[in-house]
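Visitor: This is target21.cif, which holds mmCIF, N, CA and C atoms:
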data_protein
#
loop_
_atom_site.label_atom_id
_atom_site.label_comp_id
_atom_site.auth_asym_id
_atom_site.auth_seq_id
_atom_site.Cartn_x
_atom_site.Cartn_y
_atom_site.Cartn_z
N MET A 915 -17.59 -27.10 8.04
CA MET A 915 -17.13 -25.83 7.53
C MET A 915 -15.61 -25.79 7.60
N ALA A 916 -15.00 -25.25 6.59
CA ALA A 916 -13.55 -25.09 6.54
C ALA A 916 -13.24 -23.62 6.28
N ILE A 917 -12.17 -23.15 6.89
CA ILE A 917 -11.66 -21.80 6.64
C ILE A 917 -10.43 -21.97 5.73
N ILE A 918 -10.37 -21.16 4.67
CA ILE A 918 -9.29 -21.25 3.70
C ILE A 918 -8.48 -19.96 3.76
N GLY A 919 -7.17 -20.08 3.77
CA GLY A 919 -6.32 -18.89 3.77
C GLY A 919 -4.96 -19.19 3.19
N GLY A 920 -4.34 -18.18 2.64
CA GLY A 920 -3.01 -18.35 2.10
C GLY A 920 -2.40 -17.02 1.70
N PHE A 921 -1.08 -17.01 1.56
CA PHE A 921 -0.37 -15.81 1.12
C PHE A 921 0.93 -16.23 0.45
N GLY A 922 1.49 -15.33 -0.33
CA GLY A 922 2.75 -15.62 -0.99
C GLY A 922 3.04 -14.57 -2.04
N SER A 923 3.87 -14.94 -3.01
CA SER A 923 4.19 -14.02 -4.10
C SER A 923 4.20 -14.80 -5.41
N VAL A 924 3.92 -14.08 -6.48
CA VAL A 924 3.82 -14.67 -7.81
C VAL A 924 4.70 -13.84 -8.75
N PRO A 925 5.53 -14.50 -9.57
CA PRO A 925 6.35 -13.73 -10.53
C PRO A 925 5.48 -13.13 -11.63
N ILE A 926 5.85 -11.94 -12.08
CA ILE A 926 5.16 -11.26 -13.18
C ILE A 926 6.11 -11.25 -14.37
N LYS A 927 5.62 -11.72 -15.52
CA LYS A 927 6.43 -11.77 -16.72
C LYS A 927 5.67 -11.12 -17.87
N ASP A 928 6.42 -10.55 -18.80
CA ASP A 928 5.78 -9.99 -19.99
C ASP A 928 5.56 -11.10 -21.03
N GLN A 929 5.02 -10.74 -22.19
CA GLN A 929 4.69 -11.73 -23.20
C GLN A 929 5.92 -12.43 -23.77
N TYR A 930 7.11 -11.90 -23.52
CA TYR A 930 8.35 -12.51 -24.02
C TYR A 930 9.05 -13.35 -22.94
N GLY A 931 8.46 -13.42 -21.74
CA GLY A 931 9.05 -14.20 -20.66
C GLY A 931 10.01 -13.43 -19.78
N ASN A 932 10.14 -12.11 -20.00
CA ASN A 932 11.03 -11.30 -19.17
C ASN A 932 10.40 -11.07 -17.81
N ASN A 933 11.22 -11.18 -16.77
CA ASN A 933 10.75 -10.99 -15.40
C ASN A 933 10.53 -9.51 -15.12
N LEU A 934 9.34 -9.14 -14.66
CA LEU A 934 9.02 -7.73 -14.35
C LEU A 934 8.88 -7.48 -12.85
N GLY A 935 9.06 -8.50 -12.03
CA GLY A 935 8.93 -8.34 -10.59
C GLY A 935 8.04 -9.42 -10.00
N HIS A 936 7.56 -9.16 -8.79
CA HIS A 936 6.70 -10.10 -8.09
C HIS A 936 5.48 -9.38 -7.52
N ALA A 937 4.36 -10.07 -7.49
CA ALA A 937 3.15 -9.55 -6.87
C ALA A 937 2.94 -10.28 -5.55
N SER A 938 2.60 -9.54 -4.50
CA SER A 938 2.22 -10.19 -3.25
C SER A 938 0.74 -10.58 -3.35
N VAL A 939 0.43 -11.78 -2.91
CA VAL A 939 -0.91 -12.34 -3.08
C VAL A 939 -1.38 -12.90 -1.75
N TRP A 940 -2.65 -12.70 -1.45
CA TRP A 940 -3.27 -13.38 -0.31
C TRP A 940 -4.71 -13.74 -0.65
N GLU A 941 -5.22 -14.75 0.03
CA GLU A 941 -6.58 -15.20 -0.19
C GLU A 941 -7.19 -15.65 1.13
N PHE A 942 -8.50 -15.56 1.19
CA PHE A 942 -9.23 -16.17 2.30
C PHE A 942 -10.62 -16.54 1.81
N GLY A 943 -11.19 -17.52 2.49
CA GLY A 943 -12.51 -17.97 2.07
C GLY A 943 -13.06 -19.02 3.00
N THR A 944 -14.13 -19.63 2.56
CA THR A 944 -14.77 -20.67 3.36
C THR A 944 -15.31 -21.75 2.44
N GLN A 945 -15.51 -22.90 3.03
CA GLN A 945 -16.06 -24.04 2.32
C GLN A 945 -17.07 -24.72 3.24
N LEU A 946 -18.26 -24.92 2.74
CA LEU A 946 -19.30 -25.62 3.49
C LEU A 946 -19.58 -26.94 2.79
N MET A 947 -19.50 -28.04 3.54
CA MET A 947 -19.71 -29.37 2.96
C MET A 947 -20.76 -30.14 3.76
N TRP A 948 -21.49 -31.00 3.06
CA TRP A 948 -22.48 -31.90 3.66
C TRP A 948 -22.12 -33.31 3.21
N TYR A 949 -22.12 -34.24 4.15
CA TYR A 949 -21.78 -35.63 3.87
C TYR A 949 -23.02 -36.50 4.03
N PRO A 950 -23.74 -36.80 2.94
CA PRO A 950 -25.01 -37.52 3.03
C PRO A 950 -24.89 -39.01 3.36
N LEU A 951 -23.74 -39.64 3.13
CA LEU A 951 -23.61 -41.09 3.33
C LEU A 951 -23.07 -41.46 4.70
N ALA A 952 -22.13 -40.68 5.23
CA ALA A 952 -21.51 -40.97 6.52
C ALA A 952 -21.02 -39.66 7.11
N GLU A 953 -21.00 -39.61 8.43
CA GLU A 953 -20.61 -38.37 9.10
C GLU A 953 -19.15 -38.01 8.82
N PHE A 954 -18.93 -36.90 8.13
CA PHE A 954 -17.62 -36.33 7.81
C PHE A 954 -16.70 -37.24 7.00
N LYS A 955 -17.29 -38.16 6.21
CA LYS A 955 -16.46 -38.97 5.32
C LYS A 955 -17.28 -39.47 4.14
N LYS A 956 -16.59 -40.03 3.18
CA LYS A 956 -17.14 -40.53 1.92
C LYS A 956 -17.61 -39.38 1.04
N LEU A 957 -18.76 -39.52 0.40
CA LEU A 957 -19.26 -38.52 -0.54
C LEU A 957 -19.57 -37.20 0.17
N GLY A 958 -19.12 -36.09 -0.42
CA GLY A 958 -19.41 -34.77 0.12
C GLY A 958 -19.88 -33.84 -0.98
N VAL A 959 -20.88 -33.03 -0.68
CA VAL A 959 -21.36 -32.01 -1.60
C VAL A 959 -21.40 -30.69 -0.85
N GLY A 960 -21.14 -29.60 -1.55
CA GLY A 960 -21.13 -28.31 -0.85
C GLY A 960 -20.80 -27.16 -1.77
N ALA A 961 -20.28 -26.09 -1.16
CA ALA A 961 -19.97 -24.87 -1.90
C ALA A 961 -18.71 -24.23 -1.31
N GLU A 962 -18.06 -23.42 -2.14
CA GLU A 962 -16.83 -22.74 -1.75
C GLU A 962 -16.89 -21.29 -2.21
N ALA A 963 -16.39 -20.39 -1.38
CA ALA A 963 -16.28 -18.97 -1.73
C ALA A 963 -14.88 -18.50 -1.32
N ILE A 964 -14.14 -17.90 -2.26
CA ILE A 964 -12.77 -17.45 -1.99
C ILE A 964 -12.57 -16.04 -2.53
N TYR A 965 -11.99 -15.17 -1.70
CA TYR A 965 -11.61 -13.82 -2.09
C TYR A 965 -10.10 -13.80 -2.25
N LEU A 966 -9.61 -13.19 -3.34
CA LEU A 966 -8.18 -13.13 -3.64
C LEU A 966 -7.78 -11.69 -3.94
N ARG A 967 -6.59 -11.31 -3.49
CA ARG A 967 -6.07 -9.96 -3.76
C ARG A 967 -4.58 -10.07 -4.09
N ALA A 968 -4.18 -9.38 -5.16
CA ALA A 968 -2.77 -9.33 -5.57
C ALA A 968 -2.36 -7.88 -5.72
N LYS A 969 -1.14 -7.56 -5.27
CA LYS A 969 -0.66 -6.18 -5.32
C LYS A 969 0.80 -6.17 -5.75
N VAL A 970 1.14 -5.20 -6.61
CA VAL A 970 2.52 -5.05 -7.07
C VAL A 970 2.86 -3.57 -7.14
N GLU A 971 4.12 -3.26 -6.83
CA GLU A 971 4.61 -1.89 -6.94
C GLU A 971 5.86 -1.89 -7.80
N ASN A 972 6.03 -0.86 -8.58
CA ASN A 972 7.24 -0.69 -9.39
C ASN A 972 7.43 -1.83 -10.40
N ILE A 973 6.44 -2.03 -11.25
CA ILE A 973 6.47 -3.10 -12.25
C ILE A 973 7.58 -2.85 -13.26
N GLY A 974 8.49 -3.81 -13.40
CA GLY A 974 9.54 -3.75 -14.39
C GLY A 974 10.45 -2.55 -14.28
N GLY A 975 10.60 -1.97 -13.09
CA GLY A 975 11.44 -0.79 -12.91
C GLY A 975 10.77 0.51 -13.30
N PHE A 976 9.56 0.45 -13.78
CA PHE A 976 8.79 1.65 -14.11
C PHE A 976 7.92 1.96 -12.90
N ASN A 977 7.75 3.18 -12.56
CA ASN A 977 6.96 3.56 -11.39
C ASN A 977 5.47 3.33 -11.62
N ILE A 978 5.12 2.07 -11.81
CA ILE A 978 3.74 1.67 -12.04
C ILE A 978 3.36 0.67 -10.95
N ALA A 979 2.23 0.89 -10.32
CA ALA A 979 1.72 -0.02 -9.29
C ALA A 979 0.39 -0.60 -9.76
N GLY A 980 0.11 -1.80 -9.31
CA GLY A 980 -1.13 -2.44 -9.70
C GLY A 980 -1.73 -3.23 -8.56
N VAL A 981 -3.05 -3.35 -8.58
CA VAL A 981 -3.76 -4.16 -7.60
C VAL A 981 -4.92 -4.84 -8.31
N ALA A 982 -5.17 -6.08 -7.96
CA ALA A 982 -6.30 -6.82 -8.52
C ALA A 982 -6.96 -7.60 -7.40
N SER A 983 -8.26 -7.70 -7.44
CA SER A 983 -8.99 -8.49 -6.45
C SER A 983 -10.16 -9.16 -7.13
N GLY A 984 -10.56 -10.28 -6.56
CA GLY A 984 -11.65 -11.02 -7.17
C GLY A 984 -12.30 -11.98 -6.20
N LEU A 985 -13.43 -12.50 -6.61
CA LEU A 985 -14.21 -13.44 -5.82
C LEU A 985 -14.58 -14.62 -6.70
N ALA A 986 -14.39 -15.83 -6.17
CA ALA A 986 -14.79 -17.05 -6.87
C ALA A 986 -15.78 -17.80 -5.99
N VAL A 987 -16.92 -18.19 -6.55
CA VAL A 987 -17.98 -18.87 -5.81
C VAL A 987 -18.50 -20.02 -6.66
N GLY A 988 -18.73 -21.19 -6.03
CA GLY A 988 -19.29 -22.28 -6.80
C GLY A 988 -19.51 -23.55 -6.00
N PRO A 989 -20.22 -24.51 -6.60
CA PRO A 989 -20.50 -25.79 -5.95
C PRO A 989 -19.33 -26.77 -6.06
N LEU A 990 -19.30 -27.74 -5.13
CA LEU A 990 -18.27 -28.76 -5.10
C LEU A 990 -18.90 -30.14 -4.90
N ILE A 991 -18.24 -31.16 -5.39
CA ILE A 991 -18.56 -32.53 -5.06
C ILE A 991 -17.24 -33.24 -4.84
N GLY A 992 -17.18 -34.13 -3.87
CA GLY A 992 -15.91 -34.77 -3.58
C GLY A 992 -16.06 -36.03 -2.76
N TYR A 993 -14.92 -36.54 -2.35
CA TYR A 993 -14.87 -37.77 -1.57
C TYR A 993 -13.77 -37.62 -0.53
N LYS A 994 -14.07 -38.05 0.71
CA LYS A 994 -13.11 -37.96 1.81
C LYS A 994 -12.82 -39.36 2.36
N VAL A 995 -11.54 -39.68 2.46
CA VAL A 995 -11.09 -40.90 3.10
C VAL A 995 -10.56 -40.52 4.47
N LEU A 996 -11.10 -41.14 5.51
CA LEU A 996 -10.72 -40.84 6.89
C LEU A 996 -10.38 -42.15 7.58
N THR A 997 -9.10 -42.34 7.93
CA THR A 997 -8.67 -43.59 8.57
C THR A 997 -8.93 -43.52 10.07
N GLU A 998 -8.83 -44.68 10.73
CA GLU A 998 -9.05 -44.74 12.18
C GLU A 998 -8.00 -43.92 12.94
N SER A 999 -6.79 -43.82 12.40
CA SER A 999 -5.74 -43.05 13.07
C SER A 999 -5.90 -41.54 12.87
N GLY A 1000 -6.80 -41.12 11.95
CA GLY A 1000 -7.04 -39.70 11.74
C GLY A 1000 -6.50 -39.14 10.44
N PHE A 1001 -5.67 -39.93 9.71
CA PHE A 1001 -5.17 -39.46 8.43
C PHE A 1001 -6.35 -39.20 7.50
N THR A 1002 -6.31 -38.08 6.80
CA THR A 1002 -7.43 -37.66 5.96
C THR A 1002 -6.93 -37.30 4.56
N PHE A 1003 -7.63 -37.79 3.54
CA PHE A 1003 -7.38 -37.43 2.16
C PHE A 1003 -8.70 -37.01 1.55
N VAL A 1004 -8.71 -35.84 0.90
CA VAL A 1004 -9.93 -35.31 0.28
C VAL A 1004 -9.63 -34.94 -1.16
N VAL A 1005 -10.52 -35.33 -2.06
CA VAL A 1005 -10.46 -34.88 -3.45
C VAL A 1005 -11.82 -34.25 -3.77
N GLN A 1006 -11.79 -33.06 -4.33
CA GLN A 1006 -13.02 -32.33 -4.65
C GLN A 1006 -12.88 -31.68 -6.02
N GLY A 1007 -13.98 -31.59 -6.71
CA GLY A 1007 -14.01 -30.89 -7.99
C GLY A 1007 -15.28 -30.07 -8.08
N GLY A 1008 -15.24 -29.06 -8.92
CA GLY A 1008 -16.42 -28.22 -9.06
C GLY A 1008 -16.24 -27.17 -10.14
N VAL A 1009 -17.19 -26.30 -10.17
CA VAL A 1009 -17.21 -25.19 -11.12
C VAL A 1009 -17.35 -23.91 -10.31
N SER A 1010 -16.57 -22.89 -10.65
CA SER A 1010 -16.65 -21.61 -9.94
C SER A 1010 -16.89 -20.48 -10.92
N TYR A 1011 -17.72 -19.54 -10.51
CA TYR A 1011 -17.86 -18.28 -11.24
C TYR A 1011 -16.90 -17.31 -10.58
N MET A 1012 -16.01 -16.72 -11.37
CA MET A 1012 -15.02 -15.80 -10.83
C MET A 1012 -15.15 -14.43 -11.48
N ALA A 1013 -15.17 -13.40 -10.67
CA ALA A 1013 -15.19 -12.01 -11.13
C ALA A 1013 -13.96 -11.31 -10.56
N VAL A 1014 -13.19 -10.63 -11.43
CA VAL A 1014 -11.94 -9.98 -11.03
C VAL A 1014 -11.91 -8.56 -11.55
N ARG A 1015 -11.35 -7.65 -10.75
CA ARG A 1015 -11.16 -6.26 -11.16
C ARG A 1015 -9.72 -5.89 -10.85
N GLY A 1016 -9.05 -5.26 -11.84
CA GLY A 1016 -7.67 -4.84 -11.66
C GLY A 1016 -7.50 -3.38 -12.02
N GLU A 1017 -6.51 -2.74 -11.39
CA GLU A 1017 -6.24 -1.33 -11.65
C GLU A 1017 -4.75 -1.07 -11.55
N THR A 1018 -4.23 -0.23 -12.47
CA THR A 1018 -2.83 0.19 -12.42
C THR A 1018 -2.77 1.72 -12.36
N LYS A 1019 -1.71 2.21 -11.71
CA LYS A 1019 -1.47 3.66 -11.62
C LYS A 1019 0.02 3.91 -11.76
N ASP A 1020 0.36 5.05 -12.35
CA ASP A 1020 1.76 5.45 -12.40
C ASP A 1020 1.95 6.72 -11.58
N THR A 1021 3.20 7.17 -11.47
CA THR A 1021 3.51 8.34 -10.66
C THR A 1021 3.02 9.64 -11.30
N GLN A 1022 2.66 9.60 -12.58
CA GLN A 1022 2.12 10.78 -13.27
C GLN A 1022 0.63 10.96 -13.03
N GLY A 1023 0.01 9.98 -12.35
CA GLY A 1023 -1.43 10.06 -12.09
C GLY A 1023 -2.29 9.37 -13.12
N LEU A 1024 -1.67 8.76 -14.12
CA LEU A 1024 -2.43 8.02 -15.12
C LEU A 1024 -2.84 6.66 -14.56
N SER A 1025 -4.05 6.24 -14.88
CA SER A 1025 -4.51 4.95 -14.37
C SER A 1025 -5.32 4.22 -15.43
N SER A 1026 -5.45 2.94 -15.23
CA SER A 1026 -6.23 2.09 -16.11
C SER A 1026 -6.86 0.99 -15.27
N SER A 1027 -8.07 0.58 -15.61
CA SER A 1027 -8.71 -0.51 -14.87
C SER A 1027 -9.43 -1.43 -15.85
N GLN A 1028 -9.63 -2.65 -15.41
CA GLN A 1028 -10.30 -3.64 -16.24
C GLN A 1028 -11.01 -4.64 -15.34
N GLN A 1029 -12.15 -5.12 -15.81
CA GLN A 1029 -12.91 -6.15 -15.11
C GLN A 1029 -13.06 -7.35 -16.03
N GLN A 1030 -13.07 -8.52 -15.44
CA GLN A 1030 -13.28 -9.74 -16.21
C GLN A 1030 -13.99 -10.75 -15.35
N SER A 1031 -14.75 -11.63 -15.98
CA SER A 1031 -15.37 -12.73 -15.27
C SER A 1031 -15.28 -13.98 -16.14
N ALA A 1032 -15.35 -15.13 -15.48
CA ALA A 1032 -15.25 -16.39 -16.20
C ALA A 1032 -15.80 -17.51 -15.34
N VAL A 1033 -16.16 -18.59 -15.98
CA VAL A 1033 -16.53 -19.81 -15.29
C VAL A 1033 -15.35 -20.76 -15.44
N LEU A 1034 -14.85 -21.27 -14.31
CA LEU A 1034 -13.65 -22.11 -14.30
C LEU A 1034 -13.92 -23.43 -13.59
N PHE A 1035 -13.21 -24.45 -13.98
CA PHE A 1035 -13.25 -25.72 -13.25
C PHE A 1035 -12.19 -25.67 -12.16
N ASN A 1036 -12.48 -26.30 -11.02
CA ASN A 1036 -11.47 -26.35 -9.98
C ASN A 1036 -11.30 -27.76 -9.46
N LEU A 1037 -10.14 -28.03 -8.88
CA LEU A 1037 -9.80 -29.31 -8.30
C LEU A 1037 -9.06 -29.04 -7.00
N ASN A 1038 -9.54 -29.63 -5.92
CA ASN A 1038 -8.90 -29.50 -4.61
C ASN A 1038 -8.40 -30.87 -4.18
N LEU A 1039 -7.14 -30.96 -3.79
CA LEU A 1039 -6.56 -32.17 -3.22
C LEU A 1039 -6.02 -31.80 -1.85
N ASN A 1040 -6.51 -32.43 -0.80
CA ASN A 1040 -6.12 -32.08 0.56
C ASN A 1040 -5.62 -33.31 1.30
N LEU A 1041 -4.52 -33.18 2.00
CA LEU A 1041 -4.00 -34.18 2.91
C LEU A 1041 -3.95 -33.56 4.29
N GLY A 1042 -4.27 -34.35 5.30
CA GLY A 1042 -4.22 -33.78 6.64
C GLY A 1042 -4.52 -34.78 7.71
N TRP A 1043 -4.83 -34.25 8.86
CA TRP A 1043 -5.13 -35.04 10.02
C TRP A 1043 -6.42 -34.54 10.64
N THR A 1044 -7.32 -35.43 10.94
CA THR A 1044 -8.59 -35.07 11.57
C THR A 1044 -8.54 -35.48 13.03
N PHE A 1045 -8.94 -34.57 13.91
CA PHE A 1045 -8.93 -34.83 15.35
C PHE A 1045 -10.27 -35.34 15.82
#
The structure in this file should be written as structure tokens.
Guide:
Amino acid sequence: MAIIGGFGSVPIKDQYGNNLGHASVWEFGTQLMWYPLAEFKKLGVGAEAIYLRAKVENIGGFNIAGVASGLAVGPLIGYKVLTESGFTFVVQGGVSYMAVRGETKDTQGLSSSQQQSAVLFNLNLNLGWTF
């Protein structure tokens, strides 16, 4: 089992490439893997679930705030190389079903929301150290 987490910011641009600000983003999730050929190495099959949330205030200097959140879930297949010294390299690929909901509000009380879902391909490349 792996715990996944991250945070940061993403630039927001309009259709003409103009910068409208930045959204703060964070994610967390989990990954469950099974290694049928060797313990914790070689071929791995499993699943991944990740929750993501993005929030922005004052988009483009207009008093508009927005928040979006979503969940991606799907199967994975991959391969792990684990050296005797502990160096680890993992490559994984899969398909995820993702559902996202976003909402914007302005200071006048007007709001808008939208939902979307899609099936996406994913690729994970991990470098690390195994204890």
Visitor: Could you list, as JSON, numbers by chain, every residue within 5 Å of Met947 of chain A, counting all atoms listed in the file and ignoring same-chain residues fewer than 6 positions away?
Guide: {"A": [915, 959, 960]}
Visitor: Can you turn the PyMOL selection byres ((chain A and resi 980) around 6.5) into a concrete residue list for this file, as a list in words?
Guide: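 On this input, the PyMOL selection byres ((chain A and resi 980) around 6.5) captures Ala968, Lys969, Val970, Glu971, Asn972, Ile978, Ala979, Val981, Ala982, Glu1017, Thr1018 and Lys1019 of chain A.
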Visitor: Mind giving me the straight-line distance from atom C of Leu934 of chain A to atom CA of Ile973 of chain A in Å, one decimal?
Guide: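 Pair atom C of Leu934 of chain A / atom CA of Ile973 of chain A returns 5.0 Å.
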Visitor: Since I can't run it myself right now, could you work out what the PyMOL selection byres (((chain A and resi 944-946 and name CA) around 10) and name CA) selects here and report it as a PDB file with N, CA and C atoms, in the coordinates of the input?
Guide:
ATOM      1  N   MET A 915     -17.590 -27.100   8.040  1.00  0.00           N
ATOM      2  CA  MET A 915     -17.130 -25.830   7.530  1.00  0.00           C
ATOM      3  C   MET A 915     -15.610 -25.790   7.600  1.00  0.00           C
ATOM      4  N   ALA A 916     -15.000 -25.250   6.590  1.00  0.00           N
ATOM      5  CA  ALA A 916     -13.550 -25.090   6.540  1.00  0.00           C
ATOM      6  C   ALA A 916     -13.240 -23.620   6.280  1.00  0.00           C
ATOM      7  N   ILE A 917     -12.170 -23.150   6.890  1.00  0.00           N
ATOM      8  CA  ILE A 917     -11.660 -21.800   6.640  1.00  0.00           C
ATOM      9  C   ILE A 917     -10.430 -21.970   5.730  1.00  0.00           C
ATOM     10  N   ILE A 918     -10.370 -21.160   4.670  1.00  0.00           N
ATOM     11  CA  ILE A 918      -9.290 -21.250   3.700  1.00  0.00           C
ATOM     12  C   ILE A 918      -8.480 -19.960   3.760  1.00  0.00           C
ATOM     13  N   GLY A 919      -7.170 -20.080   3.770  1.00  0.00           N
ATOM     14  CA  GLY A 919      -6.320 -18.890   3.770  1.00  0.00           C
ATOM     15  C   GLY A 919      -4.960 -19.190   3.190  1.00  0.00           C
ATOM     16  N   PHE A 942      -8.500 -15.560   1.190  1.00  0.00           N
ATOM     17  CA  PHE A 942      -9.230 -16.170   2.300  1.00  0.00           C
ATOM     18  C   PHE A 942     -10.620 -16.540   1.810  1.00  0.00           C
ATOM     19  N   GLY A 943     -11.190 -17.520   2.490  1.00  0.00           N
ATOM     20  CA  GLY A 943     -12.510 -17.970   2.070  1.00  0.00           C
ATOM     21  C   GLY A 943     -13.060 -19.020   3.000  1.00  0.00           C
ATOM     22  N   MET A 947     -19.500 -28.040   3.540  1.00  0.00           N
ATOM     23  CA  MET A 947     -19.710 -29.370   2.960  1.00  0.00           C
ATOM     24  C   MET A 947     -20.760 -30.140   3.760  1.00  0.00           C
ATOM     25  N   TRP A 948     -21.490 -31.000   3.060  1.00  0.00           N
ATOM     26  CA  TRP A 948     -22.480 -31.900   3.660  1.00  0.00           C
ATOM     27  C   TRP A 948     -22.120 -33.310   3.210  1.00  0.00           C
ATOM     28  N   GLY A 958     -19.120 -36.090  -0.420  1.00  0.00           N
ATOM     29  CA  GLY A 958     -19.410 -34.770   0.120  1.00  0.00           C
ATOM     30  C   GLY A 958     -19.880 -33.840  -0.980  1.00  0.00           C
ATOM     31  N   VAL A 959     -20.880 -33.030  -0.680  1.00  0.00           N
ATOM     32  CA  VAL A 959     -21.360 -32.010  -1.600  1.00  0.00           C
ATOM     33  C   VAL A 959     -21.400 -30.690  -0.850  1.00  0.00           C
ATOM     34  N   GLY A 960     -21.140 -29.600  -1.550  1.00  0.00           N
ATOM     35  CA  GLY A 960     -21.130 -28.310  -0.850  1.00  0.00           C
ATOM     36  C   GLY A 960     -20.800 -27.160  -1.770  1.00  0.00           C
ATOM     37  N   ALA A 961     -20.280 -26.090  -1.160  1.00  0.00           N
ATOM     38  CA  ALA A 961     -19.970 -24.870  -1.900  1.00  0.00           C
ATOM     39  C   ALA A 961     -18.710 -24.230  -1.310  1.00  0.00           C
ATOM     40  N   GLU A 962     -18.060 -23.420  -2.140  1.00  0.00           N
ATOM     41  CA  GLU A 962     -16.830 -22.740  -1.750  1.00  0.00           C
ATOM     42  C   GLU A 962     -16.890 -21.290  -2.210  1.00  0.00           C
ATOM     43  N   ALA A 963     -16.390 -20.390  -1.380  1.00  0.00           N
ATOM     44  CA  ALA A 963     -16.280 -18.970  -1.730  1.00  0.00           C
ATOM     45  C   ALA A 963     -14.880 -18.500  -1.320  1.00  0.00           C
ATOM     46  N   ILE A 964     -14.140 -17.900  -2.260  1.00  0.00           N
ATOM     47  CA  ILE A 964     -12.770 -17.450  -1.990  1.00  0.00           C
ATOM     48  C   ILE A 964     -12.570 -16.040  -2.530  1.00  0.00           C
ATOM     49  N   TYR A 965     -11.990 -15.170  -1.700  1.00  0.00           N
ATOM     50  CA  TYR A 965     -11.610 -13.820  -2.090  1.00  0.00           C
ATOM     51  C   TYR A 965     -10.100 -13.800  -2.250  1.00  0.00           C
ATOM     52  N   VAL A 987     -16.920 -18.190  -6.550  1.00  0.00           N
ATOM     53  CA  VAL A 987     -17.980 -18.870  -5.810  1.00  0.00           C
ATOM     54  C   VAL A 987     -18.500 -20.020  -6.660  1.00  0.00           C
ATOM     55  N   GLY A 988     -18.730 -21.190  -6.030  1.00  0.00           N
ATOM     56  CA  GLY A 988     -19.290 -22.280  -6.800  1.00  0.00           C
ATOM     57  C   GLY A 988     -19.510 -23.550  -6.000  1.00  0.00           C
ATOM     58  N   PRO A 989     -20.220 -24.510  -6.600  1.00  0.00           N
ATOM     59  CA  PRO A 989     -20.500 -25.790  -5.950  1.00  0.00           C
ATOM     60  C   PRO A 989     -19.330 -26.770  -6.060  1.00  0.00           C
ATOM     61  N   LEU A 990     -19.300 -27.740  -5.130  1.00  0.00           N
ATOM     62  CA  LEU A 990     -18.270 -28.760  -5.100  1.00  0.00           C
ATOM     63  C   LEU A 990     -18.900 -30.140  -4.900  1.00  0.00           C
TER      64      LEU A 990
END
Visitor: State, in Å with one decimal place, the distance from atom C of Glu998 of chain A to atom CA of Pro950 of chain A.
Guide: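 Pair atom C of Glu998 of chain A / atom CA of Pro950 of chain A returns 20.7 Å.
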Visitor: List the residues selected by the PyMOL selection byres ((chain A and resi 938) around 5) in the file shown, writing them as a tab-separated table (two decimals) with N, CA and C atoms, in the frame of the given file.
Guide:
chain	number	residue	atom	x	y	z
A	922	GLY	N	1.49	-15.33	-0.33
A	922	GLY	CA	2.75	-15.62	-0.99
A	922	GLY	C	3.04	-14.57	-2.04
A	923	SER	N	3.87	-14.94	-3.01
A	923	SER	CA	4.19	-14.02	-4.10
A	923	SER	C	4.20	-14.80	-5.41
A	936	HIS	N	7.56	-9.16	-8.79
A	936	HIS	CA	6.70	-10.10	-8.09
A	936	HIS	C	5.48	-9.38	-7.52
A	937	ALA	N	4.36	-10.07	-7.49
A	937	ALA	CA	3.15	-9.55	-6.87
A	937	ALA	C	2.94	-10.28	-5.55
A	939	VAL	N	0.43	-11.78	-2.91
A	939	VAL	CA	-0.91	-12.34	-3.08
A	939	VAL	C	-1.38	-12.90	-1.75
A	940	TRP	N	-2.65	-12.70	-1.45
A	940	TRP	CA	-3.27	-13.38	-0.31
A	940	TRP	C	-4.71	-13.74	-0.65
A	968	ALA	N	-4.18	-9.38	-5.16
A	968	ALA	CA	-2.77	-9.33	-5.57
A	968	ALA	C	-2.36	-7.88	-5.72
A	969	LYS	N	-1.14	-7.56	-5.27
A	969	LYS	CA	-0.66	-6.18	-5.32
A	969	LYS	C	0.80	-6.17	-5.75
Visitor: Give me the residues within 8 Å of Thr1044 of chain A as JSON, numbers by chain, counting all atoms listed in the file and dropping any in the same chain fewer than 6 places off.
Guide: {"A": [996, 997, 999, 1000, 1001, 1002, 1003]}
Visitor: Expressed in Å to a single decimal, how great is the separation between atom CA of Ser1025 of chain A and atom CA of Leu985 of chain A?
Guide: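 A separation of 22.5 Å between them.
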Visitor: Would you list, as JSON, numbers by chain, the residues of segment 921-1034 of chain A that end up in strand (DSSP E or B) under DSSP run on this structure's backbone?
Guide: {"A": [921, 922, 923, 924, 925, 926, 927, 933, 934, 935, 936, 937, 938, 939, 940, 941, 942, 943, 944, 945, 946, 947, 948, 952, 955, 956, 957, 958, 959, 960, 961, 962, 963, 964, 965, 966, 967, 968, 969, 970, 978, 979, 980, 981, 982, 983, 984, 985, 986, 987, 988, 989, 990, 991, 992, 993, 994, 995, 996, 1001, 1002, 1003, 1004, 1005, 1006, 1007, 1008, 1009, 1010, 1011, 1012, 1013, 1014, 1015, 1016, 1017, 1018, 1019, 1020, 1025, 1026, 1027, 1028, 1029, 1030, 1031, 1032, 1033, 1034]}
Visitor: Out of A:Gln929, A:Gln1022, A:Leu1037, A:Phe954, which residue has the shortest atom-to-atom distance to Gln1006 of chain A when counting all atoms listed in the file?
Guide: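 Using all atoms listed in the file, Gln1006 of chain A sits closest to A:Leu1037.
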Visitor: Nearest to Gly935 of chain A: which of A:Gly1042, A:Gly975, A:Gly1007, A:Gly1023 is it, counting all atoms listed in the file?
Guide: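 Ranked by minimum distance to Gly935 of chain A, first place goes to A:Gly975.
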